[in-house]
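Undergrad: Enclosed is the structure file query.txt (compact mmCIF, C-alpha atoms and all ligand atoms).
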```txt
# COMPACT_ATOMS: atom_id res chain seq x y z
CA MET A 1 -149.36 158.09 34.30
CA THR A 2 -150.89 156.93 31.05
CA LYS A 3 -151.36 153.20 30.75
CA ILE A 4 -151.40 151.51 27.36
CA VAL A 5 -153.36 148.26 27.24
CA VAL A 6 -153.46 145.89 24.28
CA VAL A 7 -156.48 143.63 23.77
CA THR A 8 -155.19 140.73 21.75
CA SER A 9 -155.76 137.04 20.95
CA GLY A 10 -154.00 135.66 17.92
CA LYS A 11 -157.14 133.95 16.68
CA GLY A 12 -159.80 136.02 14.96
CA GLY A 13 -163.40 136.55 15.97
CA VAL A 14 -163.00 135.68 19.64
CA GLY A 15 -164.26 138.97 21.06
CA LYS A 16 -161.37 141.47 21.03
CA THR A 17 -163.39 144.36 19.65
CA THR A 18 -166.36 143.59 21.92
CA THR A 19 -163.92 143.54 24.84
CA SER A 20 -162.01 146.68 23.82
CA ALA A 21 -165.28 148.61 23.59
CA ALA A 22 -166.47 147.29 26.94
CA LEU A 23 -163.17 147.82 28.74
CA ALA A 24 -162.72 151.37 27.44
CA THR A 25 -166.31 152.29 28.27
CA GLY A 26 -166.01 150.73 31.72
CA LEU A 27 -162.81 152.64 32.50
CA ALA A 28 -164.40 155.90 31.34
CA LEU A 29 -167.46 155.18 33.51
CA ARG A 30 -165.07 154.96 36.43
CA GLY A 31 -163.83 158.45 35.63
CA PHE A 32 -160.64 157.73 33.68
CA ARG A 33 -159.95 159.60 30.47
CA THR A 34 -159.81 156.75 27.99
CA THR A 35 -159.21 156.38 24.27
CA VAL A 36 -159.87 153.16 22.41
CA ILE A 37 -157.87 152.75 19.18
CA ASP A 38 -158.87 150.43 16.34
CA PHE A 39 -155.64 148.89 15.00
CA ASP A 40 -157.48 146.72 12.49
CA VAL A 41 -156.31 148.76 9.51
CA GLY A 42 -158.28 147.82 6.42
CA LEU A 43 -161.23 146.43 8.37
CA ARG A 44 -162.72 149.17 10.48
CA ASN A 45 -165.21 147.71 13.00
CA LEU A 46 -164.81 149.33 16.38
CA ASP A 47 -166.73 152.40 15.16
CA LEU A 48 -169.81 150.24 14.57
CA ILE A 49 -169.58 148.55 17.96
CA MET A 50 -169.19 151.96 19.61
CA GLY A 51 -172.02 153.39 17.49
CA CYS A 52 -170.02 156.28 16.05
CA GLU A 53 -169.58 155.07 12.46
CA ARG A 54 -171.32 158.10 10.98
CA ARG A 55 -169.08 160.52 12.83
CA VAL A 56 -165.78 159.23 11.45
CA VAL A 57 -163.91 161.95 9.58
CA TYR A 58 -160.26 161.16 10.17
CA ASP A 59 -158.59 157.94 11.27
CA LEU A 60 -155.41 156.54 12.81
CA VAL A 61 -153.49 156.56 9.52
CA ASN A 62 -154.50 160.17 8.81
CA VAL A 63 -152.95 161.17 12.13
CA ILE A 64 -149.82 159.12 11.46
CA ASN A 65 -149.45 160.75 8.04
CA GLY A 66 -150.05 164.22 9.42
CA ASP A 67 -153.29 164.77 7.44
CA ALA A 68 -155.05 165.49 10.70
CA ASN A 69 -154.04 166.12 14.27
CA ILE A 70 -155.13 163.96 17.15
CA ARG A 71 -157.78 166.44 18.31
CA GLN A 72 -159.44 166.38 14.89
CA ALA A 73 -159.42 162.62 14.65
CA LEU A 74 -160.65 161.67 18.11
CA ILE A 75 -164.38 161.03 18.34
CA LYS A 76 -165.86 161.93 21.69
CA ASP A 77 -168.44 159.44 22.87
CA LYS A 78 -171.94 160.90 23.25
CA ARG A 79 -173.06 158.69 26.12
CA VAL A 80 -170.06 158.46 28.38
CA GLU A 81 -167.93 161.32 29.61
CA ASN A 82 -164.12 160.86 29.23
CA LEU A 83 -164.45 158.31 26.42
CA PHE A 84 -162.85 158.76 22.99
CA ILE A 85 -162.55 156.61 19.89
CA LEU A 86 -159.78 156.65 17.28
CA PRO A 87 -161.04 154.68 14.26
CA ALA A 88 -158.99 152.49 11.96
CA SER A 89 -158.25 153.48 8.43
CA GLN A 90 -159.84 151.54 5.60
CA THR A 91 -156.74 151.77 3.46
CA ARG A 92 -155.46 148.58 1.94
CA ASP A 93 -151.89 149.75 2.30
CA LYS A 94 -150.30 147.27 4.68
CA ASP A 95 -147.43 149.61 5.46
CA ALA A 96 -149.63 152.49 6.55
CA LEU A 97 -148.85 151.76 10.19
CA THR A 98 -145.31 152.60 11.14
CA GLN A 99 -143.82 152.00 14.53
CA GLU A 100 -142.59 155.56 14.72
CA GLY A 101 -146.03 156.85 13.65
CA VAL A 102 -147.84 154.77 16.25
CA GLU A 103 -145.47 156.07 18.90
CA ARG A 104 -146.25 159.67 17.93
CA VAL A 105 -150.00 159.03 18.18
CA LEU A 106 -149.63 157.40 21.59
CA ASN A 107 -147.42 160.25 22.81
CA ALA A 108 -149.96 162.81 21.63
CA LEU A 109 -152.74 160.98 23.47
CA ARG A 110 -150.62 160.98 26.59
CA ASP A 111 -149.13 164.47 26.45
CA ASP A 112 -151.68 166.59 24.57
CA MET A 113 -154.91 164.77 25.46
CA ALA A 114 -153.96 163.71 29.00
CA MET A 115 -155.38 160.20 28.67
CA ASP A 116 -155.29 157.87 31.66
CA TYR A 117 -155.84 154.75 29.56
CA ILE A 118 -155.25 153.90 25.93
CA ILE A 119 -156.90 150.65 24.84
CA CYS A 120 -155.47 149.13 21.66
CA ASP A 121 -157.92 146.83 19.84
CA SER A 122 -155.61 144.43 18.03
CA PRO A 123 -156.40 142.82 14.69
CA ALA A 124 -156.35 139.02 14.49
CA GLY A 125 -153.16 137.18 13.59
CA ILE A 126 -149.58 137.59 14.67
CA GLU A 127 -148.46 139.87 11.91
CA LYS A 128 -147.64 143.53 11.62
CA GLY A 129 -150.95 145.03 12.78
CA ALA A 130 -151.08 142.83 15.86
CA LEU A 131 -147.41 143.50 16.62
CA MET A 132 -147.95 147.26 16.31
CA ALA A 133 -150.93 147.18 18.64
CA ALA A 134 -148.88 145.32 21.24
CA TYR A 135 -145.49 146.99 20.86
CA TYR A 136 -145.92 149.94 23.23
CA ALA A 137 -148.29 148.22 25.65
CA ASP A 138 -147.77 148.31 29.39
CA GLU A 139 -150.28 145.57 29.93
CA ALA A 140 -152.18 142.97 27.89
CA VAL A 141 -155.64 141.45 28.01
CA VAL A 142 -155.60 138.13 26.18
CA VAL A 143 -159.08 137.29 24.90
CA THR A 144 -159.62 133.55 24.56
CA ASN A 145 -162.56 131.29 23.77
CA PRO A 146 -162.77 127.89 25.48
CA GLU A 147 -161.83 126.06 22.32
CA VAL A 148 -158.58 124.38 21.18
CA SER A 149 -157.41 126.70 18.42
CA SER A 150 -158.14 129.84 20.39
CA VAL A 151 -156.22 128.57 23.44
CA ARG A 152 -153.25 127.53 21.33
CA ASP A 153 -153.17 130.89 19.55
CA SER A 154 -153.39 132.70 22.87
CA ASP A 155 -150.35 130.80 24.05
CA ARG A 156 -148.46 131.80 20.93
CA MET A 157 -149.52 135.39 21.50
CA LEU A 158 -148.18 135.19 25.06
CA GLY A 159 -144.86 134.11 23.60
CA ILE A 160 -144.88 137.09 21.27
CA LEU A 161 -145.78 139.46 24.10
CA ALA A 162 -142.82 138.11 26.04
CA SER A 163 -140.34 139.02 23.32
CA LYS A 164 -141.78 141.58 20.91
CA THR A 165 -142.88 144.53 23.03
CA ARG A 166 -140.76 147.60 23.57
CA ARG A 167 -140.47 146.69 27.22
CA ALA A 168 -139.18 143.21 26.38
CA GLU A 169 -136.77 144.55 23.76
CA GLN A 170 -135.33 146.96 26.26
CA GLY A 171 -134.74 144.13 28.69
CA GLY A 172 -137.63 145.08 30.94
CA GLY A 173 -139.15 141.61 30.80
CA ASP A 174 -142.71 140.55 30.09
CA ILE A 175 -145.60 142.94 30.33
CA PRO A 176 -148.34 141.68 32.65
CA ALA A 177 -150.90 139.68 30.65
CA ARG A 178 -154.28 138.59 31.94
CA LEU A 179 -156.78 136.15 30.55
CA LEU A 180 -160.32 137.11 29.60
CA LEU A 181 -162.25 133.97 28.74
CA THR A 182 -165.23 134.89 26.57
CA ARG A 183 -168.22 133.12 25.02
CA TYR A 184 -168.24 130.76 27.99
CA SER A 185 -171.11 128.34 28.26
CA PRO A 186 -171.33 126.74 31.74
CA GLU A 187 -173.99 124.28 30.51
CA ARG A 188 -171.64 122.92 27.88
CA VAL A 189 -168.79 122.75 30.37
CA THR A 190 -170.97 120.70 32.70
CA ARG A 191 -171.76 118.34 29.87
CA GLY A 192 -168.06 117.89 29.21
CA GLU A 193 -168.27 119.48 25.78
CA MET A 194 -166.33 122.65 26.49
CA LEU A 195 -163.01 123.37 28.19
CA SER A 196 -163.62 124.76 31.66
CA VAL A 197 -162.15 127.99 32.95
CA ASP A 198 -159.82 125.95 35.16
CA ASP A 199 -158.64 123.90 32.16
CA VAL A 200 -157.76 127.06 30.24
CA ARG A 201 -156.07 128.66 33.24
CA GLU A 202 -154.02 125.57 33.80
CA ILE A 203 -152.85 125.45 30.20
CA LEU A 204 -152.08 129.14 29.74
CA ALA A 205 -150.86 129.71 33.31
CA ILE A 206 -151.76 133.40 33.52
CA ASP A 207 -153.99 135.38 35.87
CA LEU A 208 -157.69 135.43 35.15
CA LEU A 209 -159.24 138.84 34.57
CA GLY A 210 -162.72 137.51 33.98
CA VAL A 211 -165.11 135.13 32.31
CA ILE A 212 -167.73 136.52 29.93
CA PRO A 213 -170.65 134.20 29.24
CA GLU A 214 -171.94 133.46 25.76
CA SER A 215 -174.78 135.95 25.62
CA GLN A 216 -177.48 137.20 23.31
CA ALA A 217 -176.86 140.62 24.85
CA VAL A 218 -173.60 140.94 22.89
CA LEU A 219 -175.36 140.69 19.55
CA ASN A 220 -178.09 143.04 20.72
CA ALA A 221 -175.43 145.54 21.78
CA SER A 222 -173.58 145.39 18.48
CA ASN A 223 -176.87 145.71 16.58
CA ALA A 224 -177.59 148.87 18.54
CA GLY A 225 -174.03 150.24 18.43
CA SER A 226 -173.83 150.47 22.20
CA PRO A 227 -171.06 148.65 24.12
CA VAL A 228 -172.54 145.69 26.00
CA ILE A 229 -171.15 146.98 29.31
CA LEU A 230 -173.82 149.69 29.17
CA ASP A 231 -176.47 146.97 29.24
CA THR A 232 -176.13 146.62 32.99
CA GLU A 233 -179.06 144.23 33.27
CA SER A 234 -177.41 141.64 31.06
CA ASP A 235 -175.11 138.82 32.16
CA ALA A 236 -172.37 139.82 29.73
CA GLY A 237 -172.68 143.49 30.72
CA GLN A 238 -172.30 142.60 34.38
CA ALA A 239 -169.42 140.24 33.69
CA TYR A 240 -167.60 143.04 31.86
CA LEU A 241 -168.30 145.46 34.73
CA ASP A 242 -166.75 142.94 37.12
CA ALA A 243 -163.74 142.51 34.82
CA VAL A 244 -163.18 146.27 34.71
CA ALA A 245 -163.33 146.41 38.51
CA ARG A 246 -160.74 143.62 38.70
CA PHE A 247 -158.66 145.37 36.09
CA LEU A 248 -158.52 148.35 38.45
CA GLY A 249 -157.48 146.14 41.33
CA ASP A 250 -160.80 145.48 43.08
CA GLU A 251 -161.36 142.00 44.40
CA VAL A 252 -164.54 140.76 42.81
CA PRO A 253 -165.65 137.12 42.90
CA HIS A 254 -166.11 135.45 39.52
CA ARG A 255 -169.73 135.00 38.43
CA PHE A 256 -171.54 133.21 35.60
CA LEU A 257 -169.32 130.14 35.95
CA THR A 258 -172.04 127.65 36.70
CA ALA A 259 -175.14 126.61 34.83
CA GLY A 260 -178.42 128.14 35.97
CA ARG A 261 -180.37 126.23 38.57
CA LYS A 262 -182.88 123.72 37.37
CA GLY A 263 -185.64 121.84 39.12
CA LEU A 264 -184.98 118.31 40.32
CA LEU A 265 -186.82 116.81 37.38
CA GLY A 266 -184.91 118.97 34.97
CA ARG A 267 -181.65 117.85 36.50
CA LEU A 268 -182.60 114.18 36.38
CA PHE A 269 -183.97 114.07 32.91
CA GLY A 270 -182.93 117.29 31.22
CA GLY A 271 -179.23 116.71 30.99
CA GLN A 272 -178.97 120.11 29.37
CA MET B 1 -176.07 116.99 34.75
CA SER B 2 -178.59 114.27 34.03
CA ILE B 3 -177.98 110.85 35.53
CA PHE B 4 -178.18 109.54 31.99
CA SER B 5 -175.17 111.51 30.89
CA TYR B 6 -173.03 109.30 33.11
CA LEU B 7 -174.05 106.44 30.90
CA LEU B 8 -172.91 108.20 27.75
CA PRO B 9 -169.85 106.75 26.09
CA LYS B 10 -166.53 108.35 27.04
CA LYS B 11 -166.11 109.89 23.65
CA GLN B 12 -168.86 112.41 24.42
CA ARG B 13 -166.56 113.98 27.00
CA SER B 14 -164.69 115.83 24.35
CA ALA B 15 -163.43 118.60 26.64
CA ALA B 16 -161.09 116.15 28.39
CA VAL B 17 -159.59 115.16 25.05
CA ALA B 18 -159.23 118.81 24.08
CA LYS B 19 -157.39 119.58 27.29
CA GLU B 20 -154.96 116.73 26.89
CA ARG B 21 -154.17 117.59 23.27
CA LEU B 22 -153.67 121.23 24.18
CA GLN B 23 -151.32 120.44 27.02
CA ILE B 24 -149.12 118.42 24.69
CA ILE B 25 -149.02 120.86 21.80
CA VAL B 26 -148.59 123.93 23.99
CA ALA B 27 -145.69 122.31 25.87
CA ARG B 28 -144.08 121.41 22.58
CA GLU B 29 -144.48 124.87 21.10
CA ARG B 30 -143.18 126.52 24.24
CA SER B 31 -140.03 124.43 24.20
CA THR B 32 -138.89 125.88 20.87
CA ARG B 33 -140.09 129.40 21.58
CA GLY B 34 -137.54 132.15 21.61
CA GLY B 35 -134.97 129.81 20.11
CA PRO B 36 -133.52 130.10 16.64
CA ASP B 37 -136.01 130.01 13.75
CA TYR B 38 -134.61 126.75 12.39
CA LEU B 39 -135.63 124.75 15.47
CA PRO B 40 -139.04 123.52 14.26
CA GLN B 41 -137.51 122.43 10.95
CA LEU B 42 -134.61 120.77 12.74
CA GLN B 43 -137.12 118.92 14.88
CA GLU B 44 -139.04 117.76 11.81
CA GLU B 45 -135.94 116.49 10.04
CA LEU B 46 -134.59 114.75 13.12
CA LEU B 47 -137.91 113.03 13.53
CA ALA B 48 -137.78 111.81 9.94
CA VAL B 49 -134.30 110.38 10.47
CA VAL B 50 -135.17 108.68 13.75
CA ARG B 51 -138.25 107.16 12.17
CA LYS B 52 -136.12 105.45 9.57
CA TYR B 53 -134.85 103.23 12.37
CA VAL B 54 -137.43 103.31 15.15
CA PRO B 55 -141.19 103.75 14.86
CA VAL B 56 -141.52 106.69 17.27
CA ASP B 57 -144.41 109.09 17.93
CA PRO B 58 -144.39 112.55 16.37
CA ASP B 59 -143.99 113.84 19.94
CA ALA B 60 -141.01 111.61 20.65
CA VAL B 61 -138.40 114.08 19.48
CA ASN B 62 -137.96 117.13 21.63
CA VAL B 63 -135.49 119.89 20.83
CA GLN B 64 -134.82 122.63 23.30
CA VAL B 65 -132.39 125.48 23.58
CA ASP B 66 -131.15 126.43 27.02
CA ARG B 67 -129.04 129.42 27.77
CA ASP B 68 -126.55 128.79 30.49
CA SER B 69 -124.22 131.59 31.60
CA GLY B 70 -123.38 132.85 28.16
CA CYS B 71 -123.36 129.59 26.22
CA GLU B 72 -126.28 127.97 24.48
CA ILE B 73 -127.03 124.29 24.84
CA LEU B 74 -129.06 122.43 22.27
CA GLU B 75 -130.84 119.69 24.12
CA LEU B 76 -132.23 116.75 22.22
CA ASN B 77 -134.57 114.21 23.74
CA ILE B 78 -135.83 111.15 21.93
CA THR B 79 -138.28 108.88 23.67
CA LEU B 80 -138.14 105.35 22.29
CA PRO B 81 -141.24 103.18 22.36
CA GLU B 82 -141.42 100.91 25.40
CA ASN B 83 -141.52 97.59 23.62
CA HIS B 84 -138.74 98.40 21.21
CA PRO B 85 -136.00 95.77 21.17
CA SER B 86 -132.70 97.51 21.74
N1 LIG C 301 -169.78 136.90 24.99
C1 LIG C 301 -170.28 136.76 23.75
N2 LIG C 301 -171.47 136.13 23.54
C2 LIG C 301 -171.97 136.00 22.30
N3 LIG C 301 -171.38 136.47 21.19
C3 LIG C 301 -170.20 137.10 21.32
C4 LIG C 301 -169.59 137.28 22.60
N4 LIG C 301 -168.40 137.94 22.41
C5 LIG C 301 -168.29 138.17 21.10
N5 LIG C 301 -169.37 137.67 20.42
C6 LIG C 301 -169.60 137.71 18.98
O1 LIG C 301 -168.48 137.17 18.32
C7 LIG C 301 -168.23 137.86 17.11
C8 LIG C 301 -166.81 138.35 17.08
O2 LIG C 301 -166.64 139.33 18.09
P1 LIG C 301 -165.57 140.51 17.93
O3 LIG C 301 -165.78 141.27 16.68
O4 LIG C 301 -165.55 141.27 19.20
O5 LIG C 301 -164.25 139.63 17.80
P2 LIG C 301 -162.80 140.08 17.35
O6 LIG C 301 -161.86 139.22 18.12
O7 LIG C 301 -162.64 141.54 17.49
O8 LIG C 301 -162.78 139.68 15.82
P3 LIG C 301 -161.62 140.05 14.74
O9 LIG C 301 -160.51 139.11 15.02
O10 LIG C 301 -162.27 139.81 13.43
O11 LIG C 301 -161.25 141.48 14.97
C9 LIG C 301 -169.26 138.98 17.01
O12 LIG C 301 -170.30 138.55 16.20
C10 LIG C 301 -169.72 139.14 18.45
O13 LIG C 301 -171.05 139.60 18.50
MG MG C 302 -161.96 143.01 16.06
```
Please re-express this file's structure in structure tokens.
TA:
Amino acid sequence: MTKIVVVTSGKGGVGKTTTSAALATGLALRGFRTTVIDFDVGLRNLDLIMGCERRVVYDLVNVINGDANIRQALIKDKRVENLFILPASQTRDKDALTQEGVERVLNALRDDMAMDYIICDSPAGIEKGALMAAYYADEAVVVTNPEVSSVRDSDRMLGILASKTRRAEQGGGDIPARLLLTRYSPERVTRGEMLSVDDVREILAIDLLGVIPESQAVLNASNAGSPVILDTESDAGQAYLDAVARFLGDEVPHRFLTAGRKGLLGRLFGGQ
Amino acid sequence: MSIFSYLLPKKQRSAAVAKERLQIIVARERSTRGGPDYLPQLQEELLAVVRKYVPVDPDAVNVQVDRDSGCEILELNITLPENHPS
């Protein structure tokens, strides 16, 4: 059974694309045939994060319009077996994505390409692109930063997921949505400057998929065009690996929630 | 945490303020969710009317739509300030 997963947030720049790349790569590493689709039509970015920007020939809109078939448009990842990327179009035509067209692409990935997982990297906002990315989803990962506007937008997005997916429209109820709290800084939480993971859980009241620490490794990974989950030495890489394991149903304790240990003097006088 | 940070003024603990504000706004936005599109506007206008007579908080007017076995109920809650002479 093919599972369609939307990675969404409402607010922009919180880590959806970073997460989509990591989640798709992690699922492929676990042996699942996985495609990650960039729904950010107009602003193509996933290709850079995945490091395949120079191999883009066709894109999502080309497939929707019938200029290319799915086989021609899919980019096979060079590092990880079973991993494919479908880039966004750079067209400025807002109506390039049609619901019927998106459905055809998803069906082709399921029926012709035998995908196990399809990860939809949503654009920011709550407009058409974001709605399209979410419409056919079976499951959602809501990416949130521990910051007021991101949490509020995530809550709005949860409301949209509850009413604007195909499942909801057909009376099937909400799709399962899980929280991925990213750019988390335990030091700042300890100092009372940042919402804690428990604060955010309490407000949004959804299951926690994982907490990804604020990490230099993410920038390094995007500089190199290699999903951070492949940097298995890094804190963020490990946190994403844990999140993928949880996504697949493993019970993995949460890590990177507390500030690193400091000496007694540091704790007395350091404060940070 | 440093022992000195306990001496910092309360206002430094901004996360607690953030949480409280979020809880209020999220609860308010959830209450109108899924209801008719005119609800937020209705809430605004009701608030303006109430404020002509009573100095209430922006959060004092709460509009909610409940569906109860086929019929919809528009529920309106106005919290008056405690010290208001009635
Ligand atoms: N855990 C992290 N630690 C540090 N930086 C991060 C982390 N996660 C994401 N970033 C940085 O935040 C920025 C935005 O990330 P990303 O592009 O994944 O967000 P997005 O939600 O897809 O944005 P958009 O809404 O524009 O599509 C990038 O510069 C990325 O490197
Ligand atoms: Mg993005």
Undergrad: Could you check how far atom CA of B:Pro36 sits from atom CA of B:Val56, in Å to one decimal?
TA: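 Computed distance, atom CA of B:Pro36 to atom CA of B:Val56, equals 24.7 Å.
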Undergrad: Please write out, as lines of an AutoDock Vina configuration file, where the centre of an axis-aligned box around all listed atoms of ligand LIG 301 (chain C) lies and how long its edges are, in Å to one decimal, after adding 8 Å on each side.
TA:
```
center_x = -166.2
center_y = 138.8
center_z = 19.2
size_x = 27.5
size_y = 21.5
size_z = 27.6
```
Undergrad: Identify, on the basis of all atoms listed in the file, every residue whose closest approach to A:Glu100 does not exceed 12 Å; exclude the query and any residue fewer than 3 positions from it along the same chain; express the result as an MDAnalysis selection string.
TA: chainID A and resid 64:65 96:97 103:107 132 135:136
Undergrad: Excluding same-chain residues fewer than 5 positions from B:Gly35, what lies within 10 Å of it counting all atoms listed in the file, as a ChimeraX atom specification?
TA: /B:30,40,63-67,72,74
Undergrad: How would you write, as a PyMOL selection string, the set of residues no farther than 9 Å from ligand LIG 301 (chain C) when counting all atoms listed in the file?
TA: chain A and resi 7-21+40+43+45-46+49+121-125+143-145+181-184+211-223+236
Undergrad: For a quick check of understanding, using only C-alpha atoms, which of B:Ile78, B:Ile24, B:Ser31, B:Asp37 has the smallest distance to B:Val50?
TA: B:Ile78
Undergrad: Check the smallest atom-to-atom distance from each of A:Gly249, A:Tyr240, A:Gly192, A:Glu202 to chain B using all atoms listed in the file, then report the winner.
TA: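 Closest residue, counting all atoms listed in the file: A:Gly192.
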Undergrad: Atom CA of B:Asp57 to atom CA of B:Arg21: how many Å, to one decimal?
TA: 14.0 Å
Undergrad: Excluding A:Gly26 and any residue of its chain fewer than 3 positions from it, enumerate the residues within 8 Å of it, using all atoms listed in the file, and give them as a PyMOL selection string.
TA: chain A and resi 22-23+29-30+229+240-241+244
Undergrad: Report, in Å to a single decimal, how far apart atom CA of A:Ile175 and atom CA of A:Leu131 are.
TA: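 Separating atom CA of A:Leu131 from atom CA of A:Ile175 is a distance of 13.8 Å.
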